[in-house]
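**Q** Encoded as structure tokens, here's the structure I'll be asking about.
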Amino acid sequence: MDGGRETIAVIGTGYVGLVTAAGFAELGSEVWCIDIDAEKIERLRRGEIPIYEPGLSELVARHRDRLRFSTDVRDALEHARLLFVAVGTPPTYSGDADLSAVHAVVDAMPPSDRHALVMKSTVPVGTGGSIKRVFHERGKEGFRYVSCPEFLKEGSAVKDFLEPDRVVIGDDGDWAGDAVAELYSPLDTAVVRTDIKSAEMVKLASNAFLATKISFINEIANVCEETGADVVEVARGMGLDDRIGPKFLQAGIGFGGSCFPKDVSALKQLAGNSGYHFQLLNAVIEVNELQKRRVMSKLQKYLGTLVGKEIALLGLAFKPNTDDMREASSLVLSARLQAAGAKVRAYDPVAEAEARKMLQGVEFAASAEAAVEGADAVVLVTEWPEFRELDLRAAAESMRGSLLVDGRNFLDPDAATAAGLTYEGVGRPALAERSSVAGITV
Ligand SMILES: NC(=O)c1ccc[n+]([C@@H]2O[C@H](COP(=O)([O-])OP(=O)(O)OC[C@H]3O[C@@H](n4cnc5c(N)ncnc54)[C@H](O)[C@@H]3O)[C@@H](O)[C@H]2O)c1
């Protein structure tokens with residue numbers, strides 16, 4: 001015990017694991033952080049934070065004396081009874097979740113009547129049951145199991161951990177579920193106590209619902225483009241309905257990241273493996289894939305062939321305030337652009353190092369201004385706040401062309417047009433048509 005609360009362990013120190021560890025340290029626990037990546041553990045021991053997440057380095061620094069870092073899971077077993085699992089569960093080629101890292105952790109557990117695995121990783125419904133079966137077959141039935149899915153959002157993960165909308169705990173009604181609930185007790189939040197399968201499903205269903213909302217508004221945006229309505233106005237009008245709400249109604253060039261694409265496809269696969277065809281999720285995925293590619297036709301509409309054209313990408317991360325590039329729309333876009341013969345120059349304020357590992361043939365610029373200079377067209381891919389500060393007039397003057405495709409409807413179309421740019425948003429009419437809807441206020 002340290003800080004008066006139970007010592008715990010977190011296995012896997014990525015986005016979820018490190019935030020969980022630092023969050024529980026903030027609540028008073030000593031936390032043993034375990035990872036198989038020795039270099040990552042070394043960096044953490046030196047006080048370096050391997051990922052970009054606002055507020056995380058400060059939190060880790062504040063609780064240095066409560067956070068221990070190790071590559072040896074025996075340290076976790078010796079000091080803690082609750083072992084939070086936060087290893088990756090990436091998609092396989094078939095769309096199922098790859099549970100090999102989860103199974104590696106399960107295999108490393110010894111027989112014990114004192115310990116519990118607390119699953120934070122997002123796993124298919126039924127995983128808890130399979131793990132308990134494995135424990136049983138191997139004479140480790142004393143090992144307890146709790147599902148405690150994580151809902152944090154990259155970019156606001158620390159806040160999300162400390163001020164969650166809810167905590168979901170699925171357990172078998174033994175000491176472990178109560179111990180997890182006790183750990184979260186300092187937080188003023190709803191705690192949903194349920195069975196393990198339902199807890200697993202809450203996570204998958206929540207992400208699938210949010211992804212559905214995004215694909216829905218993207219389809220509305222596409223119909224807006226056909227009909228002359230402005231999706232930003234439409235979303236504003238819809239979002240004021242209490243039953244709908246304004247969040248996740250921002251049309252754009254598709255969702256990415258480490259969670260939505262893989263969790264949607266994992267739920268679809270899970271349903272399929274059980275003999276159920278989840279039609280809605282097929283459409284959600286397809287709409288998202290097509291949405292990323294619609295930028296190409298917007299560019300071609302104005303530029304004709306893209307061979308030899310210089311295209312500047314503003315932002316590469318899958319969303320602002322993170323350096324995470326997993327499934328980012330920029331990956332598809334830069335590949336499609338280069339396949340069409342364009343030269344791609346890009347700037348991201350934070351994700352460049354990650355992007356360099358994943359993007360081929362892209363030239364990296366040191367600033368937004370440097371990226372747009374000489375470009376035939378600019379595509380705003382990630383809505384980093386600093387792009388609102390861009391001097392649009394200077395940008396227009398430094399470009400070879402004048403096209404601005406605002407993939408996140410982030411910039412002011414009228415200001416862009418006044419600066420001499422040809423503005424093309426997502427689901428928004430051209431300037432002449434827009435003047436007829438201007439003035440609509442709520
Ligand atoms: N990133 C998010 O926003 C988010 C939000 C909610 C839930 N999740 C879920 O949480 C899980 C973790 O996601 P993440 O983004 O933090 O992943 P990540 O890839 O950032 O981190 C995973 C970490 O686990 C480590 N690891 C792998 N195998 C291990 C093993 N056998 N023992 C110890 N460490 C091991 C890796 O080295 C890595 O540091 C996933 O299931 C994900 O779906 C993620």
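Naming works like this for the structure tokens: A, B, ... for the chains as they're shown, residue 1 at the start of each chain, ligands 1 onward in shown order.
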Residues up to 6 Å from ligand 1, counting only C-alpha atoms and all ligand atoms: could you list those as a list in words?

**A**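 The neighbouring residues of ligand 1 are, in order, Ile11, Gly12, Thr13, Gly14, Tyr15, Val16, Gly17, Ile34, Asp35, Ile36, Asp37, Ala86, Val87, Gly88, Thr89, Ala101, Ala104, Val105, Lys120, Ser121, Thr122, Glu150, Phe151, Leu152, Lys153, Glu154, Ser258 and Cys259 of chain A.
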
**Q** Using 9 Å as the limit and counting only C-alpha atoms, can you tabulate each residue of range 200-219 of chain A that touches range 161-181 of chain A, with its shortest atom-to-atom distance in Å and the two atoms involved, as a tab-separated table?

**A**
```
residue	atom	partner	partner_atom	distance
A:Glu200	CA	A:Gly170	CA	7.7
A:Val202	CA	A:Val168	CA	8.1
A:Lys203	CA	A:Val168	CA	8.8
```

**Q** Can you tell me which residues surround Glu141 in chain A at a distance of at most 8 Å, considering only C-alpha atoms, apart from same-chain residues fewer than 5 positions away, and format the answer as a VMD selection string?

**A** chain A and resid 111 to 113 132 135 to 136

**Q** Output C-alpha atoms for every residue in that selection, as an mmCIF file, in the first residue's frame.

**A**
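The result, stored in out.cif:
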```cif
data_model
loop_
_atom_site.group_PDB
_atom_site.id
_atom_site.type_symbol
_atom_site.label_atom_id
_atom_site.label_comp_id
_atom_site.auth_asym_id
_atom_site.auth_seq_id
_atom_site.Cartn_x
_atom_site.Cartn_y
_atom_site.Cartn_z
ATOM 1 C CA PRO A 111 -1.624 -20.836 -10.379
ATOM 2 C CA SER A 112 -2.868 -18.452 -7.688
ATOM 3 C CA ASP A 113 -5.765 -17.885 -5.310
ATOM 4 C CA LYS A 132 -11.421 -18.620 -17.423
ATOM 5 C CA PHE A 135 -7.245 -21.110 -16.298
ATOM 6 C CA HIS A 136 -9.466 -24.032 -15.323
#
```

**Q** Could you check how far CA of Gly257 in chain A sits from CA of Val192 in chain A, in Å to one decimal?

**A** 26.3 Å

**Q** Env of Tyr93 in chain A: 12 Å cut, atoms = only C-alpha atoms, seq-sep filter 3 positions within chain, self excluded. Answer as a list in words.

**A**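 Final neighbour list, sorted by chain and number: Pro90, Asp96, Ala97, Asp98, Lys262, Ser265, Ala266 and Gln269 of chain A.
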
**Q** Compare A:Leu210, A:Val264, A:Gly315, A:Ser274 by their minimum atom-to-atom distance to Gly245 in chain A, counting only C-alpha atoms, and give me the closest one.

**A**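 Once distances to Gly245 in chain A are computed over only C-alpha atoms, the minimum belongs to A:Leu210.
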
**Q** Output as a list in words all residues of range 50-281 of chain A that backbone DSSP marks as strand (DSSP E or B).

**A** Leu67, Arg68, Phe69, Ser70, Leu82, Leu83, Phe84, Val85, Pro91, Ala97, Ala116, Leu117, Val118, Met119, Arg144, Tyr145, Val146, Ser147, Arg166, Val167, Val168, Ile169, Gly170, Ala190, Val191, Val192, Arg193 and Thr194 of chain A

**Q** Grab the residues selected above and save them as a PDB file, in the first residue's frame with N, CA and C atoms.

**A**
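Dumped to again15.pdb:
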```pdb
ATOM      1  N   LEU A  67       5.151   5.123  -9.258  1.00  0.00           N
ATOM      2  CA  LEU A  67       5.145   4.342 -10.497  1.00  0.00           C
ATOM      3  C   LEU A  67       6.444   3.557 -10.636  1.00  0.00           C
ATOM      4  N   ARG A  68       6.323   2.247 -10.761  1.00  0.00           N
ATOM      5  CA  ARG A  68       7.501   1.387 -10.945  1.00  0.00           C
ATOM      6  C   ARG A  68       7.414   0.773 -12.329  1.00  0.00           C
ATOM      7  N   PHE A  69       8.545   0.660 -13.001  1.00  0.00           N
ATOM      8  CA  PHE A  69       8.540   0.144 -14.375  1.00  0.00           C
ATOM      9  C   PHE A  69       9.408  -1.104 -14.469  1.00  0.00           C
ATOM     10  N   SER A  70       8.903  -2.135 -15.125  1.00  0.00           N
ATOM     11  CA  SER A  70       9.642  -3.397 -15.185  1.00  0.00           C
ATOM     12  C   SER A  70       9.231  -4.177 -16.431  1.00  0.00           C
ATOM     13  N   LEU A  82      -4.303  -7.217  -8.184  1.00  0.00           N
ATOM     14  CA  LEU A  82      -5.063  -6.858  -9.387  1.00  0.00           C
ATOM     15  C   LEU A  82      -4.087  -6.519 -10.509  1.00  0.00           C
ATOM     16  N   LEU A  83      -4.168  -7.280 -11.602  1.00  0.00           N
ATOM     17  CA  LEU A  83      -3.270  -7.068 -12.736  1.00  0.00           C
ATOM     18  C   LEU A  83      -4.117  -6.557 -13.907  1.00  0.00           C
ATOM     19  N   PHE A  84      -4.061  -5.262 -14.153  1.00  0.00           N
ATOM     20  CA  PHE A  84      -4.814  -4.683 -15.279  1.00  0.00           C
ATOM     21  C   PHE A  84      -4.078  -5.016 -16.573  1.00  0.00           C
ATOM     22  N   VAL A  85      -4.818  -5.531 -17.546  1.00  0.00           N
ATOM     23  CA  VAL A  85      -4.206  -5.901 -18.827  1.00  0.00           C
ATOM     24  C   VAL A  85      -4.560  -4.834 -19.850  1.00  0.00           C
ATOM     25  N   PRO A  91      -6.301  -5.591 -35.296  1.00  0.00           N
ATOM     26  CA  PRO A  91      -7.098  -6.476 -36.155  1.00  0.00           C
ATOM     27  C   PRO A  91      -6.219  -7.469 -36.908  1.00  0.00           C
ATOM     28  N   ALA A  97     -10.252  -9.711 -33.840  1.00  0.00           N
ATOM     29  CA  ALA A  97      -9.220  -9.133 -32.978  1.00  0.00           C
ATOM     30  C   ALA A  97      -8.086 -10.146 -32.800  1.00  0.00           C
ATOM     31  N   ALA A 116      -6.023 -11.493  -9.676  1.00  0.00           N
ATOM     32  CA  ALA A 116      -7.076 -11.377 -10.684  1.00  0.00           C
ATOM     33  C   ALA A 116      -6.542 -10.627 -11.895  1.00  0.00           C
ATOM     34  N   LEU A 117      -6.940 -11.093 -13.091  1.00  0.00           N
ATOM     35  CA  LEU A 117      -6.678 -10.321 -14.318  1.00  0.00           C
ATOM     36  C   LEU A 117      -7.854  -9.377 -14.521  1.00  0.00           C
ATOM     37  N   VAL A 118      -7.537  -8.120 -14.769  1.00  0.00           N
ATOM     38  CA  VAL A 118      -8.594  -7.127 -15.007  1.00  0.00           C
ATOM     39  C   VAL A 118      -8.412  -6.642 -16.447  1.00  0.00           C
ATOM     40  N   MET A 119      -9.316  -7.037 -17.339  1.00  0.00           N
ATOM     41  CA  MET A 119      -9.116  -6.790 -18.768  1.00  0.00           C
ATOM     42  C   MET A 119      -9.543  -5.384 -19.162  1.00  0.00           C
ATOM     43  N   ARG A 144      -8.774 -15.031 -10.576  1.00  0.00           N
ATOM     44  CA  ARG A 144     -10.057 -14.366 -10.847  1.00  0.00           C
ATOM     45  C   ARG A 144      -9.967 -13.550 -12.132  1.00  0.00           C
ATOM     46  N   TYR A 145     -11.118 -13.204 -12.655  1.00  0.00           N
ATOM     47  CA  TYR A 145     -11.160 -12.448 -13.917  1.00  0.00           C
ATOM     48  C   TYR A 145     -12.223 -11.360 -13.852  1.00  0.00           C
ATOM     49  N   VAL A 146     -11.841 -10.164 -14.273  1.00  0.00           N
ATOM     50  CA  VAL A 146     -12.772  -9.028 -14.305  1.00  0.00           C
ATOM     51  C   VAL A 146     -12.651  -8.353 -15.664  1.00  0.00           C
ATOM     52  N   SER A 147     -13.781  -7.984 -16.254  1.00  0.00           N
ATOM     53  CA  SER A 147     -13.754  -7.158 -17.465  1.00  0.00           C
ATOM     54  C   SER A 147     -13.997  -5.711 -17.050  1.00  0.00           C
ATOM     55  N   ARG A 166     -18.652   6.954 -17.218  1.00  0.00           N
ATOM     56  CA  ARG A 166     -19.047   5.775 -16.425  1.00  0.00           C
ATOM     57  C   ARG A 166     -17.860   4.833 -16.356  1.00  0.00           C
ATOM     58  N   VAL A 167     -17.932   3.952 -15.356  1.00  0.00           N
ATOM     59  CA  VAL A 167     -16.977   2.850 -15.260  1.00  0.00           C
ATOM     60  C   VAL A 167     -17.804   1.570 -15.360  1.00  0.00           C
ATOM     61  N   VAL A 168     -17.346   0.657 -16.206  1.00  0.00           N
ATOM     62  CA  VAL A 168     -18.083  -0.602 -16.377  1.00  0.00           C
ATOM     63  C   VAL A 168     -17.234  -1.740 -15.802  1.00  0.00           C
ATOM     64  N   ILE A 169     -17.822  -2.505 -14.923  1.00  0.00           N
ATOM     65  CA  ILE A 169     -17.107  -3.620 -14.291  1.00  0.00           C
ATOM     66  C   ILE A 169     -17.944  -4.884 -14.447  1.00  0.00           C
ATOM     67  N   GLY A 170     -17.413  -5.836 -15.207  1.00  0.00           N
ATOM     68  CA  GLY A 170     -18.095  -7.117 -15.375  1.00  0.00           C
ATOM     69  C   GLY A 170     -17.329  -8.182 -14.599  1.00  0.00           C
ATOM     70  N   ALA A 190     -20.824   7.201 -12.516  1.00  0.00           N
ATOM     71  CA  ALA A 190     -21.706   6.020 -12.473  1.00  0.00           C
ATOM     72  C   ALA A 190     -20.852   4.769 -12.644  1.00  0.00           C
ATOM     73  N   VAL A 191     -21.101   3.766 -11.823  1.00  0.00           N
ATOM     74  CA  VAL A 191     -20.394   2.492 -11.963  1.00  0.00           C
ATOM     75  C   VAL A 191     -21.424   1.436 -12.362  1.00  0.00           C
ATOM     76  N   VAL A 192     -21.190   0.838 -13.522  1.00  0.00           N
ATOM     77  CA  VAL A 192     -22.101  -0.205 -14.003  1.00  0.00           C
ATOM     78  C   VAL A 192     -21.496  -1.551 -13.617  1.00  0.00           C
ATOM     79  N   ARG A 193     -22.120  -2.218 -12.662  1.00  0.00           N
ATOM     80  CA  ARG A 193     -21.668  -3.567 -12.284  1.00  0.00           C
ATOM     81  C   ARG A 193     -22.521  -4.565 -13.049  1.00  0.00           C
ATOM     82  N   THR A 194     -21.868  -5.448 -13.766  1.00  0.00           N
ATOM     83  CA  THR A 194     -22.613  -6.379 -14.605  1.00  0.00           C
ATOM     84  C   THR A 194     -21.835  -7.680 -14.783  1.00  0.00           C
TER      85      THR A 194
END
```

**Q** Do a neighbour search on Glu383 in chain A at 7 Å with only C-alpha atoms, toss out local chain neighbours closer than 6 positions, and write the hits as an NGL selection string.

**A** :A and (319-320 or 408 or 410)

**Q** I want to know what sits within 10 Å of Gly407 in chain A, based on only C-alpha atoms, with residues of the same chain fewer than 4 positions away left out; could you give that as an MDAnalysis selection string?

**A** chainID A and resid 251:254 291:292 294:295 314 329 378:383 411 424:427

**Q** Nearest to Ile49 in chain A among A:Leu18, A:Ala395, A:Ala76, A:Leu280, with distances taken over only C-alpha atoms: which residue is it?

**A**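 Under the stated criterion, the closest residue is A:Leu18.
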
**Q** Using Å and a single decimal, report how far CA of Met109 in chain A sits from CA of Glu30 in chain A.

**A**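 Atom-to-atom, CA of Glu30 in chain A to CA of Met109 in chain A, that is 20.8 Å.
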
**Q** Restricting the calculation to only C-alpha atoms, which member of A:Glu78, A:Asp324, A:Glu137, A:Asp241 is positioned closest to His115 in chain A?

**A**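 Distance minimum relative to His115 in chain A lands on A:Glu78.
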
**Q** Quick one, how far is CA of Ser156 in chain A from CA of Phe248 in chain A?

**A** 15.4 Å
